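Some notes on the structure that comes next.
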Amino acid sequence: MRLGGKIWALLPLAAALNVAGGWLAATLKAPLYLDSLGTILAAALGGPWAGVGTAAISNLLSALVGGPLWLFFLPPALVVGFLAGLLARQGFFTAPLKAALLGLILGLAGASCAAPIVTYALQGASGGGTDLLIAAFRALGWSPLQAVWAQSLASDPLDKILTALAVQAFIASMPLSLRASFPLGPYLGAQAPLQWNLRRSAPSSNAEPYRDLAPQWGSFYHPGASFWHKARLSSKGLVGALTLVIAFLWPWGVVISLHPFRAYPLIYLPAWGLALALLAWQARVLGPWLKALACTMGPLGLSMLLLNGLFGPQPQPLSWEGREILDFSLSGSWWALERCGRLGLVAAYAFWLLMTTSNRELLNELERLGLPPRWSYALLAALNFVPHLARRLTQIREAQAARGLVWGRGWRSWSQWPSLLGPLLWSVLGEAQERALYLESRGLGAAPKRSLPPPAPLSTAEKIWRLALGLALLGALLYPSCKDYV
Amino acid sequence: MFRLQNFTFTYAGAKDPALRDLSFQIAPGERLALVGGSGAGKSTLLRALAGLIPHLVAGQSQGRLLYKGQDWSAYTPLERAQSIALVGPNPELQLSNLSNTVAQELAWGLENLALPYAEIERRVAQALERWDLTSLACASPFQLSSGQRQRLALAASFITAPRFILLDEPSAYLDHSSRRQLVTYLQELPPEVGWLWATSRLEEVVDLERWLFLEDGRLLSDAPPQLRSLQGPLAPAATRLWALAHPQDPLPQEGYPLTLEAAARHWQGAPLPVRARTPLQREEPPLWEARGLSYAWGEASGAGLEEIAWTLPAGQRVALVGPNGAGKSTLARLWKGLLSPQAGVISYKGRPIPAGRPQLLASELGLIGPDPRRQIFAAQVREEILFGARQLGLRGRELEERLQESLELTGLEGLALAHPYELTNSQLRRLGWASILALHTPTLLVDEPSALGDALDWEIWQRIEEWLLEKGTTLILISHDWELLSAREAEVWHLEGGRLEIFPTLEAYEPRLRAQERPAAQRLAALLSTPQGQDNAPPLQIKEQNCP
């Protein structure tokens, strides 16, 4: 059970698949998770440890982008990854029916691991569409633990069965040679190419115009020459430390009071958010920064607000034109808003950091922190997987449009996506494998520590910023214990 | 340096070995060629020599592979990376993808080897100059053209100062001057540095003293490249290699043995073969017309296209040539409507075509791209070929006819149900052709049909061109390979520095062409002028035990 060389090509891809699936589920508010597609795929191709590695990388990545909430789901993910790898060795991916059975087993195992965590650590809110199910069960008058269990038993097996089926279909459509190059290749059964049959009408001029898809920049990074682009990562790290202190160490619980120095999350959370927005503006990335934040925090915030508003403590009737229409818990909503605000600050900082720091700087910094070169490369490749996938998708869509495919509007355009997923993944996977060969011959991971460029000297402006940020950090750390004396 | 003893390798999941019972030695500092068609096992052998085979590539190996007398797989990755460089054909896959600039990409490999940073900076500066990348030092690797990116990949591999360099079809995307740069670089390396150039193009390696002929995973011969007495199992391979280098060449008809002198005689004095042109009717409005077409890529990547104009009657053939990064592919993408020009307009039969709607022209204009992997997306050859025909509304028997026709044209019969990624590079390339040919477009843009091609591809491409000629297709051929273009009755469009110069005939372009390198002719002529015992040269040794 060792991690073969090829797995280095697989882990980032699989981890990124998890992250993308998880965010998709969160955005669509589906009562599913979809965040184990990569884990199960990696486990099916590479065995238990590949599953565990993928789960670890992807949950760390999600935690980096989406906040520490994701860390709570690490243990069940590890269990699912390990178990999937063990079962894959028993030939569970050779036929759809077996894969469904495997999904059921994984679902039950994952549910029994996740339910206590959701109940006790998160009080029932995980921020996804599954919350709606919990809410529904709570509405039946069940206790929180019962509701979470019921939701887990409904969602987990379904989610894992669907995921396992998708992985099985994907494996069946993979080229035989590609499959055989993975450690578990011999356990994956015979090839049965899927046929994608797209029948579309002849070109008409009212079709959605094909967008001009110029080559995209390969990462979140927005190149620029602003102060924050040139600043050292340690300076940006001070902003991060300050953000974390404010988001997680400053007083919890909303105190509605007019006293100016009382704990006031609903003032200081947005205030720090505004400060981060100013930093983004200073770095000339305000537009994309706002967009990224809205895309990720918007859905999470709405669902948490709705859930806690409807089922929080001390519900108060809301009336309209003198009639009571709904019981709505004000304190529950405040609670949700506060948590969203804290998570949002972390996400806001993460986007600001990724948009002003190039991959190369991040890579170097991860290695300065002591991460082995292969791991830091895998982590960054995973982070860049989504932009990479977008480039490949552009190529495929171009090729299809050049041969006359008309992308429809609305639902019709969405219905074409599933047919793209298979080719997209196996071509990217094949590429990643071949790239691994060349990068290996260029010395990736050859030396235990790479030599890193010497950092540029600190400018005076940056020294002043560092001093100010350091003092602010000190103040922020002291504030919770001193506030009562002010 | 290397010693192989009965080395056999079978990919995991494959029935037949990719390399069979190979035994040979390579001395330190030796420079040799590895020739063979697509699928002969060249890339596999290079992977084995790079030390990747037991380590990163799954499969079964037998026999021994020794480096400096020790088992190659016993060396550490650091030792391997320090001693060997591997350059591949595909520029997309050799870069780290995490660098913002060309200079950073060059430094990446040296950082992996943990060199002191002052040394890294010195070597990067040197390599930038050496490979003519100084003006691109700050460009993003994502913004380079295929040729520029391949130049970067070459520079990035050589920068580690390896003891031995493995080149796998390194020049597929390079223009003449970059190829010359590569050859000069290789020749000027210190004598203790050896290299192995794997190729299916005879003329690239014609002046090397030792050739390894690989066919179907077997070593057919290991000898100096005297092309005499080519009989027995070598003959078909040689014919194919020959046809590859010179698709229009009458030489194979002279029969065997092929001689070096005959080849040189043919290349040296012979004028470029030009067919008689049938005058085309200049109809009004012309089939294609462009006015004031401009496109800029962005700050760091060069000039872009400036105010380009052309008129193209139906049935005309065009050879679009120019150095790497001149914008040939960009021009093709603008034409197809995949990019929107910043100014200017392209019209078809007098009507301007809307940019960004390539679907509207799907039945009128086909574009075959340089890299088949970019345009292939189906999980079955059949589906890939029929995709476009279906979009055009064909159904039933008509569809099957198109499929059969395209399969036959491209020599892919019997592979209709295969998975595209199971095919060899050559078959994949031909699948790329088939998927566009099935559309029967009256105009066809072909971007670098020769990149990555082998002998069979060239033969087949000839057949396809005949077929296109019969149908009266307007053909625009983009290529670095003047051999491919030389026999065409074509207009020559030369794109350089953002400007398009149009030469009505190949003769008119000839002075321009002569200024460039004609590698095969020059090198063969040089070889012939220094007689090296042509008559007492030993006949080619054929290893009996390795023959089928």
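A note on labels: chains of the structure tokens are A, B, ... as shown, every chain counts residues from 1, and ligands are counted from 1 in their shown order.
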Counting only C-alpha atoms, give me one row per residue of chain B with an atom at most 6 Å from an atom of chain A, showing the shortest contact pair and its distance in Å to one decimal, sorted by chain then residue number, as CSV.
```
residue,atom,partner,partner_atom,distance
B:Ala12,CA,A:Ala180,CA,5.3
B:Gly13,CA,A:Ala180,CA,5.0
B:Leu56,CA,A:Gly5,CA,5.0
B:Ala58,CA,A:Ser181,CA,5.0
B:Pro77,CA,A:Ala446,CA,5.0
B:Leu78,CA,A:Ala446,CA,4.2
B:Ala81,CA,A:Gly443,CA,4.9
B:Leu93,CA,A:Arg435,CA,4.9
B:Gln94,CA,A:Tyr438,CA,5.5
B:Leu98,CA,A:Asn359,CA,5.6
B:Ser99,CA,A:Arg360,CA,5.8
B:Gly109,CA,A:Arg442,CA,5.4
B:Glu111,CA,A:Ser451,CA,4.8
B:Asn112,CA,A:Arg450,CA,4.8
B:Leu113,CA,A:Ala447,CA,5.7
B:Ala114,CA,A:Ser451,CA,4.4
B:Leu339,CA,A:Asp212,CA,5.6
B:Gly356,CA,A:Tyr210,CA,5.1
B:Arg357,CA,A:Tyr210,CA,5.4
B:Pro358,CA,A:Ala402,CA,5.2
B:Gln359,CA,A:Gly404,CA,4.2
B:Ala362,CA,A:Gly404,CA,4.8
B:Arg374,CA,A:Gln395,CA,5.9
B:Gln375,CA,A:Ala399,CA,5.0
B:Phe377,CA,A:Pro423,CA,5.4
B:Gly388,CA,A:Arg403,CA,4.7
B:Gln391,CA,A:Gly404,CA,5.4
B:Leu392,CA,A:Ala202,CA,5.6
B:Gly393,CA,A:Ala202,CA,5.7
B:Tyr421,CA,A:Pro175,CA,5.9
B:Glu422,CA,A:Pro175,CA,5.9
```
Worksheet entry | Distance query Gly224 in chain A at most 10 Å, only C-alpha atoms, self and fewer than 2 positions along chain excluded, as an NGL selection string | :A and (221-222 or 226-230 or 283-285 or 355-358)
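The shell of residues at most 12 Å from Trp310 in chain B, with only C-alpha atoms counted and near chain neighbours (fewer than 3 positions) removed, consists of Pro286, Leu287, Trp288, Glu289, Ala290, Arg291, Gly292, Leu293, Glu307, Pro313, Val318, Leu331, Trp335, Gly344, Val345, Ile346, Ser347, Tyr348, Glu491, Val492, Trp493, His494, Arg499, Leu500, Glu501, Ile502, Phe503 and Pro504 of chain B.
Taking CA of Leu10 in chain A and CA of Val167 in chain A as endpoints, the distance between them is 14.0 Å.
The environment of Leu242 in chain A within 8 Å, counting only C-alpha atoms and disregarding residues fewer than 5 places along the same chain, consists of Leu469, Ala472, Leu473 and Ala476 of chain A.
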One-decimal distance in Å that lies between CA of Ala150 in chain A and CA of Gly85 in chain A:
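Pair CA of Gly85 in chain A / CA of Ala150 in chain A returns 26.8 Å.
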Residue nearest Phe158 in chain B among B:Leu182, B:Ala48, B:Ile478, B:Ala343 (counting only C-alpha atoms)
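Checking each candidate against Phe158 in chain B, we get B:Leu182 as the closest.
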Of A:Leu269, A:Leu383, A:Leu108, A:Ala88, the one sitting nearest Gly51 in chain A when using only C-alpha atoms is A:Ala88
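The spacing separating CA of Leu49 in chain B from CA of Pro372 in chain B amounts to 27.0 Å.
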* **Spatial neighbours of Pro12 in chain A, 7 Å, only C-alpha atoms, chain gap at least 5 places, as a ChimeraX atom specification** => /A:378-379,381-382
Go ahead and write the residues just picked, N, CA and C atoms, as a compact mmCIF listing (two decimals), in the first residue's frame.
```
# COMPACT_ATOMS: atom_id res chain seq x y z
N ALA A 378 1.71 19.67 -5.40
CA ALA A 378 0.39 19.05 -5.50
C ALA A 378 -0.70 19.99 -5.01
N LEU A 379 -0.42 20.68 -3.89
CA LEU A 379 -1.41 21.58 -3.31
C LEU A 379 -1.73 22.72 -4.28
N ALA A 381 -1.12 22.80 -7.55
CA ALA A 381 -1.74 22.29 -8.78
C ALA A 381 -3.22 22.07 -8.55
N ALA A 382 -3.58 21.61 -7.35
CA ALA A 382 -5.00 21.43 -7.03
C ALA A 382 -5.72 22.76 -7.02
```
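Within range 5-61 of chain B, DSSP applied to the backbone places the following residues in strand (DSSP E or B): Gln5, Asn6, Phe7, Thr8, Phe9, Thr10, Tyr11, Leu19, Arg20, Asp21, Leu22, Ser23, Phe24, Gln25, Ile26, Arg31, Leu32, Ala33, Leu34, Val35, Gly59, Gln60 and Ser61 of chain B.
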With N, CA and C atoms kept, could you save the residues just selected as a PDB file, in the first residue's frame?
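Generated file (result-v3.pdb):
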```pdb
ATOM      1  N   GLN B   5      20.732  -4.576 -21.767  1.00  0.00           N
ATOM      2  CA  GLN B   5      20.927  -6.002 -22.006  1.00  0.00           C
ATOM      3  C   GLN B   5      19.569  -6.676 -22.068  1.00  0.00           C
ATOM      4  N   ASN B   6      19.195  -7.100 -23.241  1.00  0.00           N
ATOM      5  CA  ASN B   6      17.917  -7.802 -23.466  1.00  0.00           C
ATOM      6  C   ASN B   6      16.770  -7.102 -22.759  1.00  0.00           C
ATOM      7  N   PHE B   7      16.704  -5.790 -22.941  1.00  0.00           N
ATOM      8  CA  PHE B   7      15.694  -5.022 -22.222  1.00  0.00           C
ATOM      9  C   PHE B   7      14.337  -5.131 -22.920  1.00  0.00           C
ATOM     10  N   THR B   8      13.341  -5.547 -22.151  1.00  0.00           N
ATOM     11  CA  THR B   8      11.987  -5.703 -22.675  1.00  0.00           C
ATOM     12  C   THR B   8      11.047  -4.972 -21.740  1.00  0.00           C
ATOM     13  N   PHE B   9      10.079  -4.248 -22.310  1.00  0.00           N
ATOM     14  CA  PHE B   9       9.134  -3.552 -21.435  1.00  0.00           C
ATOM     15  C   PHE B   9       7.715  -3.683 -21.971  1.00  0.00           C
ATOM     16  N   THR B  10       6.793  -4.024 -21.095  1.00  0.00           N
ATOM     17  CA  THR B  10       5.383  -4.130 -21.455  1.00  0.00           C
ATOM     18  C   THR B  10       4.598  -3.175 -20.574  1.00  0.00           C
ATOM     19  N   TYR B  11       3.823  -2.283 -21.183  1.00  0.00           N
ATOM     20  CA  TYR B  11       2.974  -1.384 -20.398  1.00  0.00           C
ATOM     21  C   TYR B  11       1.932  -2.194 -19.654  1.00  0.00           C
ATOM     22  N   LEU B  19       8.738  -2.536 -25.964  1.00  0.00           N
ATOM     23  CA  LEU B  19      10.144  -2.672 -26.326  1.00  0.00           C
ATOM     24  C   LEU B  19      10.488  -4.151 -26.203  1.00  0.00           C
ATOM     25  N   ARG B  20      11.204  -4.691 -27.204  1.00  0.00           N
ATOM     26  CA  ARG B  20      11.470  -6.123 -27.174  1.00  0.00           C
ATOM     27  C   ARG B  20      12.961  -6.379 -27.241  1.00  0.00           C
ATOM     28  N   ASP B  21      13.484  -6.952 -26.198  1.00  0.00           N
ATOM     29  CA  ASP B  21      14.798  -7.569 -26.246  1.00  0.00           C
ATOM     30  C   ASP B  21      15.852  -6.622 -26.827  1.00  0.00           C
ATOM     31  N   LEU B  22      15.933  -5.409 -26.295  1.00  0.00           N
ATOM     32  CA  LEU B  22      16.883  -4.439 -26.823  1.00  0.00           C
ATOM     33  C   LEU B  22      18.242  -4.630 -26.168  1.00  0.00           C
ATOM     34  N   SER B  23      19.286  -4.658 -26.979  1.00  0.00           N
ATOM     35  CA  SER B  23      20.646  -4.726 -26.451  1.00  0.00           C
ATOM     36  C   SER B  23      21.499  -3.750 -27.233  1.00  0.00           C
ATOM     37  N   PHE B  24      22.008  -2.728 -26.585  1.00  0.00           N
ATOM     38  CA  PHE B  24      22.984  -1.838 -27.221  1.00  0.00           C
ATOM     39  C   PHE B  24      23.649  -1.004 -26.139  1.00  0.00           C
ATOM     40  N   GLN B  25      24.670  -0.281 -26.544  1.00  0.00           N
ATOM     41  CA  GLN B  25      25.402   0.571 -25.606  1.00  0.00           C
ATOM     42  C   GLN B  25      25.465   1.973 -26.160  1.00  0.00           C
ATOM     43  N   ILE B  26      25.531   2.940 -25.271  1.00  0.00           N
ATOM     44  CA  ILE B  26      25.804   4.314 -25.693  1.00  0.00           C
ATOM     45  C   ILE B  26      27.016   4.794 -24.900  1.00  0.00           C
ATOM     46  N   ARG B  31      26.748  10.928 -29.819  1.00  0.00           N
ATOM     47  CA  ARG B  31      25.579  11.629 -30.353  1.00  0.00           C
ATOM     48  C   ARG B  31      24.958  10.763 -31.434  1.00  0.00           C
ATOM     49  N   LEU B  32      23.728  10.366 -31.211  1.00  0.00           N
ATOM     50  CA  LEU B  32      23.164   9.407 -32.149  1.00  0.00           C
ATOM     51  C   LEU B  32      21.684   9.667 -32.387  1.00  0.00           C
ATOM     52  N   ALA B  33      21.155   8.985 -33.383  1.00  0.00           N
ATOM     53  CA  ALA B  33      19.765   9.172 -33.761  1.00  0.00           C
ATOM     54  C   ALA B  33      18.985   7.911 -33.454  1.00  0.00           C
ATOM     55  N   LEU B  34      17.725   8.098 -33.131  1.00  0.00           N
ATOM     56  CA  LEU B  34      16.817   6.970 -32.948  1.00  0.00           C
ATOM     57  C   LEU B  34      15.687   7.194 -33.936  1.00  0.00           C
ATOM     58  N   VAL B  35      15.622   6.357 -34.965  1.00  0.00           N
ATOM     59  CA  VAL B  35      14.612   6.591 -35.992  1.00  0.00           C
ATOM     60  C   VAL B  35      13.610   5.450 -36.027  1.00  0.00           C
ATOM     61  N   GLY B  59       4.260  -0.906 -15.507  1.00  0.00           N
ATOM     62  CA  GLY B  59       4.472  -1.959 -16.493  1.00  0.00           C
ATOM     63  C   GLY B  59       5.499  -2.961 -16.006  1.00  0.00           C
ATOM     64  N   GLN B  60       5.743  -3.942 -16.866  1.00  0.00           N
ATOM     65  CA  GLN B  60       6.673  -5.032 -16.559  1.00  0.00           C
ATOM     66  C   GLN B  60       7.946  -4.850 -17.355  1.00  0.00           C
ATOM     67  N   SER B  61       9.090  -4.860 -16.704  1.00  0.00           N
ATOM     68  CA  SER B  61      10.320  -4.812 -17.487  1.00  0.00           C
ATOM     69  C   SER B  61      11.181  -6.027 -17.180  1.00  0.00           C
TER      70      SER B  61
END
```
Residues within 10 Å of Ser406 in chain B, only C-alpha atoms, excluding chain neighbours under 5 positions, as a PyMOL selection string: chain B and resi 385-386+400-401+411-413+430-431+433-440+464
Given the selection you just returned, output its residues as a file containing C-alpha atoms, formatted as a PDB file, in the first residue's frame.
```
ATOM      1  CA  ILE B 385     -15.899  11.706 -36.695  1.00  0.00           C
ATOM      2  CA  LEU B 386     -19.671  11.919 -36.896  1.00  0.00           C
ATOM      3  CA  GLU B 400     -22.545   6.056 -42.437  1.00  0.00           C
ATOM      4  CA  GLU B 401     -21.173   6.956 -45.857  1.00  0.00           C
ATOM      5  CA  GLY B 411      -6.371   5.021 -43.002  1.00  0.00           C
ATOM      6  CA  LEU B 412      -8.280   4.427 -39.791  1.00  0.00           C
ATOM      7  CA  GLU B 413     -10.380   1.532 -41.059  1.00  0.00           C
ATOM      8  CA  ARG B 430      -5.365  11.457 -38.513  1.00  0.00           C
ATOM      9  CA  LEU B 431      -8.518  11.229 -36.424  1.00  0.00           C
ATOM     10  CA  TRP B 433      -8.187  15.250 -39.861  1.00  0.00           C
ATOM     11  CA  ALA B 434     -11.038  12.764 -40.324  1.00  0.00           C
ATOM     12  CA  SER B 435     -13.345  14.609 -37.951  1.00  0.00           C
ATOM     13  CA  ILE B 436     -13.049  17.758 -40.082  1.00  0.00           C
ATOM     14  CA  LEU B 437     -12.918  16.068 -43.492  1.00  0.00           C
ATOM     15  CA  ALA B 438     -16.281  14.455 -42.733  1.00  0.00           C
ATOM     16  CA  LEU B 439     -17.842  17.924 -42.926  1.00  0.00           C
ATOM     17  CA  HIS B 440     -17.003  18.278 -46.666  1.00  0.00           C
ATOM     18  CA  ILE B 464      -6.095  13.467 -48.881  1.00  0.00           C
TER      19      ILE B 464
END
```
### Task
Name the residues of range 347-442 of chain A that come out as helix (DSSP H, G or I) in a backbone DSSP run; write them as a VMD selection string.
chain A and resid 347 to 356 359 to 368 373 to 383 385 to 402 410 to 415 417 to 441
